Structures are given as C-alpha cells and as structure tokens.
Amino acid sequence: MAESAGSVVLARSAMNRAVTEGQRPAGRPVRGARRISAALAGLAASTRHELLTFDDPVASADRAIPEPFLELAEACMRAAAERAGEVRRIVPRHALSRLEGGPRIPGRARCADAIPFKLIVVDRTVAAVPLDLELLYNGLLLIRDPVVVQALVRAHQASWTAAEELWRIPPPRPSGGPPEQLRPVLDALLSGLTDETAAARLGMSARTYSRRVGELMAALGTTSRFRAGAEAARRGWL
C-alpha cells in the first residue's frame with residue numbers, strides 16, 4: 001500500500017512539474033459534452049495494445065449526467081477494451097455490487113479498497129484524467145507528456161500489484177464496419193465537428209452530408225447522435 005500511495009504522489013508531482021517547469025503543458029483540457037465524447041471516441045479508436053484504467057462505475061450515480069453520454073462513454077471503453085491485447089481495470093470495492101449486475105468489459109479486472117482518481121491510459125502514450133479527478137462529464141485532461149504518462153502507468157502498476165483479482169474476460173471476435181461511403185461521415189461525427197465544417201472537409205454539400213448522417217444513424221438503428229456514437233463503439237466500428 002505504501003508503494004501504491006507513493007506512486008500516486010509521484011504521478012501528481014509529475015503533472016505539476018510538467019505544468020510549472022516544462023516547455024509544454026502536461027495536457028490539453030477538454031470541456032463540453034460534445035468535445036469530451038469526441039475525445040473518448042478518439043481514445044477508443046487509437047487503442048492498439050494496452051488499456052489501463054482506474055474506474056468507479058458508481059461515481060456518476062445520482063448525478064445530473066445525460067444517459068446518452070453515459071452510454072457513449074461505456075461503449076467507447078468497451079470498444080477500446082475489445083481492441084487492446086491487454087486490459088487492466090482497477091475498481092473500488094464499493095462498486096462491486098454495480099459490476100455484478102451489469103455487463104462486464106473484456107479484459108482483466110482487480111478490486112482495490114479505493115482508487116486515487118479516475119484514469120484511462122492507452123498504449124502508454126496518452127492518458128485521460130477528469131479535471132475534477134472524478135467525472136469525465138465535467139471535463140478531462142488529455143495527457144501526452146511522456147514523463148507524466150509513465151508516472152501514471154507506475155501508479156496504476158503499483159495499485160494493480162496490491163489489488164485483488166476479480167475476473168478475466170477474453171475479447172470478442174472483431175466485427176465488421178460501416179458501409180464504405182459512411183466511414184468518413186462516422187469519423188466526422190465522432191470528431192465533434194459541426195455539420196458545416198464536416199461537410200466542407202469531406203467535399204460534400206450540406207444537404208449531402210445531412211443525408212449521409214441520416215443513412216448512418218439508420219444503419220445504427222437510432223435517431224440520436226449520442227446513441228449513434230455509442231452504438232458504433234458497441235459494434236466495434238471505431
């Protein structure tokens with residue numbers, strides 16, 4: 001436990017040092033549901049080898065967070081876990097009852113008495129931490145500074161060593177993707193661009209882009225853009 005606490009202090013010190021002494025900021029703040037959703041979708045899509053998390057699935061209970069956002073966040077984490085060869089998820093003991101009653105994310109999970117903060121680390125190259133250390137919906141910090149990322153990896157590793165094994169779930173077989181002509185539209189939708197900007201970047205008229213978005217959502221079986229992102233992640237289209 002002492003090693004775990006020391007690693008957490010090291011991680012926090014590294015973030016502070018990168019901000020106060022470095023030539024670049026420790027990370028990029030992301031605020032607003034649309035931009036946060038795009039950042040989570042980007043993390044899921046970029047995952048290739050490893051996903052490390054501190055996760056408290058009950059932290060959002062009784063909070064005024066839109067259900068579509070929660071669905072999208074969960075679907076993005078599931079998609080990232082299905083893409084990664086190694087998944088290590090640490091959850092606090094008070095969340096076990098919630099985990100037993102809900103769907104399980106592929107990979108390995110362990111239980112600790114508590115987690116220091118919520119955390120996502122993808123391939124040891126990029127990390128995301130909530131700005132308030134608790135809820136991604138309130139904003140997150142995307143961290144690419146290698147010193148800070150490695151400090152967070154060490155903090156996770158120390159907690160993992162001390163935690164209790166819960167389960168190991170193999171990832172499912174990868175599924176297909178969207179129709180070829182709709183892939184750029186899905187990427188634009190998940191990037192958080194406005195329709196006007198997305199249409200311009202794709203070389204389409206606003207009317208054509210709107211029609212393609214409609215086709216995409218019909219293929220996903222939803223009329224909500226939030227739910228479209230969640231469903232695309234669930235299907236492994238990211």
# chains A, B, ... in the order shown; residues from 1 in each chain; ligands from 1
$ residues_around --residues "range 87-98 of chain A" --least-positions-apart "2" --cutoff "6 Å" --atoms "only C-alpha atoms" --output "number ranges by chain"
A: 50-56, 100-101, 107-115
$ residues_around --residues "Arg234 in chain A" --least-positions-apart "5" --cutoff "9 Å" --atoms "only C-alpha atoms" --output "NGL selection string"
:A and (72 or 74-76 or 78-79 or 229)
$ residues_around --residues "Gly42 in chain A" --least-positions-apart "5" --cutoff "9 Å" --atoms "only C-alpha atoms" --output "short mmCIF file (atom, residue, chain, number, x, y, z; two decimals) with all heavy atoms, in the first residue's frame"
data_model
loop_
_atom_site.label_atom_id
_atom_site.label_comp_id
_atom_site.auth_asym_id
_atom_site.auth_seq_id
_atom_site.Cartn_x
_atom_site.Cartn_y
_atom_site.Cartn_z
N SER A 37 -16.99 13.67 -25.64
CA SER A 37 -17.40 12.46 -26.35
C SER A 37 -16.45 12.16 -27.50
O SER A 37 -16.06 11.02 -27.72
CB SER A 37 -18.84 12.62 -26.87
OG SER A 37 -19.74 12.80 -25.81
N THR A 47 -6.70 2.89 -29.65
CA THR A 47 -6.18 1.79 -28.83
C THR A 47 -5.71 0.64 -29.71
O THR A 47 -6.43 0.19 -30.60
CB THR A 47 -7.25 1.29 -27.85
OG1 THR A 47 -7.71 2.38 -27.05
CG2 THR A 47 -6.70 0.20 -26.94
N CYS A 76 -17.47 3.41 -25.57
CA CYS A 76 -16.10 3.71 -26.00
C CYS A 76 -15.09 2.88 -25.22
O CYS A 76 -14.13 2.36 -25.80
CB CYS A 76 -15.81 5.20 -25.84
SG CYS A 76 -16.61 6.26 -27.06
N LEU A 190 -17.89 11.63 -34.95
CA LEU A 190 -17.23 11.36 -33.68
C LEU A 190 -16.18 12.41 -33.33
O LEU A 190 -15.76 12.50 -32.18
CB LEU A 190 -16.60 9.98 -33.71
CG LEU A 190 -17.57 8.80 -33.78
CD1 LEU A 190 -16.81 7.49 -33.92
CD2 LEU A 190 -18.46 8.75 -32.55
N SER A 191 -15.75 13.17 -34.31
CA SER A 191 -14.70 14.17 -34.06
C SER A 191 -15.25 15.43 -33.41
O SER A 191 -14.49 16.29 -32.96
CB SER A 191 -14.00 14.54 -35.36
OG SER A 191 -14.86 15.31 -36.19
N LEU A 238 -15.36 1.64 -34.46
CA LEU A 238 -14.39 2.72 -34.25
C LEU A 238 -13.00 2.31 -34.69
O LEU A 238 -12.67 1.13 -34.61
CB LEU A 238 -14.38 3.12 -32.77
CG LEU A 238 -15.71 3.63 -32.23
CD1 LEU A 238 -15.54 4.10 -30.80
CD2 LEU A 238 -16.28 4.76 -33.08
#
$ atom_distance --atom1 "CA of Asp62 in chain A" --atom2 "CA of Leu99 in chain A"
16.8 Å
$ atom_distance --atom1 "CA of Thr222 in chain A" --atom2 "CA of Ile36 in chain A"
20.7 Å
$ select_by_dssp --residues "range 29-116 of chain A" --states "strand (DSSP E or B)" --output "PyMOL selection string"
chain A and resi 29-30+50-54+86-92+107-112
$ closest_residue --among "A:Ala151, A:Pro146, A:Ala45, A:Gly192" --to "Gly32 in chain A" --atoms "only C-alpha atoms"
A:Gly192
$ atom_distance --atom1 "CA of Ala228 in chain A" --atom2 "CA of Ile65 in chain A"
17.7 Å
$ residues_around --residues "Glu196 in chain A" --least-positions-apart "2" --cutoff "9 Å" --atoms "only C-alpha atoms" --output "list in words"
Leu193, Thr194, Ala198, Ala199, Ala200, Arg201, Ser205, Ala206 and Tyr209 of chain A
$ select_by_dssp --residues "range 29-230 of chain A" --states "alpha helix (DSSP H)" --output "JSON, numbers by chain"
{"A": [33, 34, 35, 36, 37, 38, 39, 40, 41, 42, 43, 44, 45, 46, 67, 68, 69, 70, 71, 72, 73, 74, 75, 76, 77, 78, 79, 80, 81, 82, 83, 96, 97, 98, 99, 100, 101, 146, 147, 148, 149, 150, 151, 152, 153, 154, 155, 156, 157, 158, 159, 160, 161, 162, 183, 184, 185, 186, 187, 188, 189, 190, 195, 196, 197, 198, 199, 200, 201, 202, 206, 207, 208, 209, 210, 211, 212, 213, 214, 215, 216, 217, 218, 219, 220, 225, 226, 227, 228, 229, 230]}
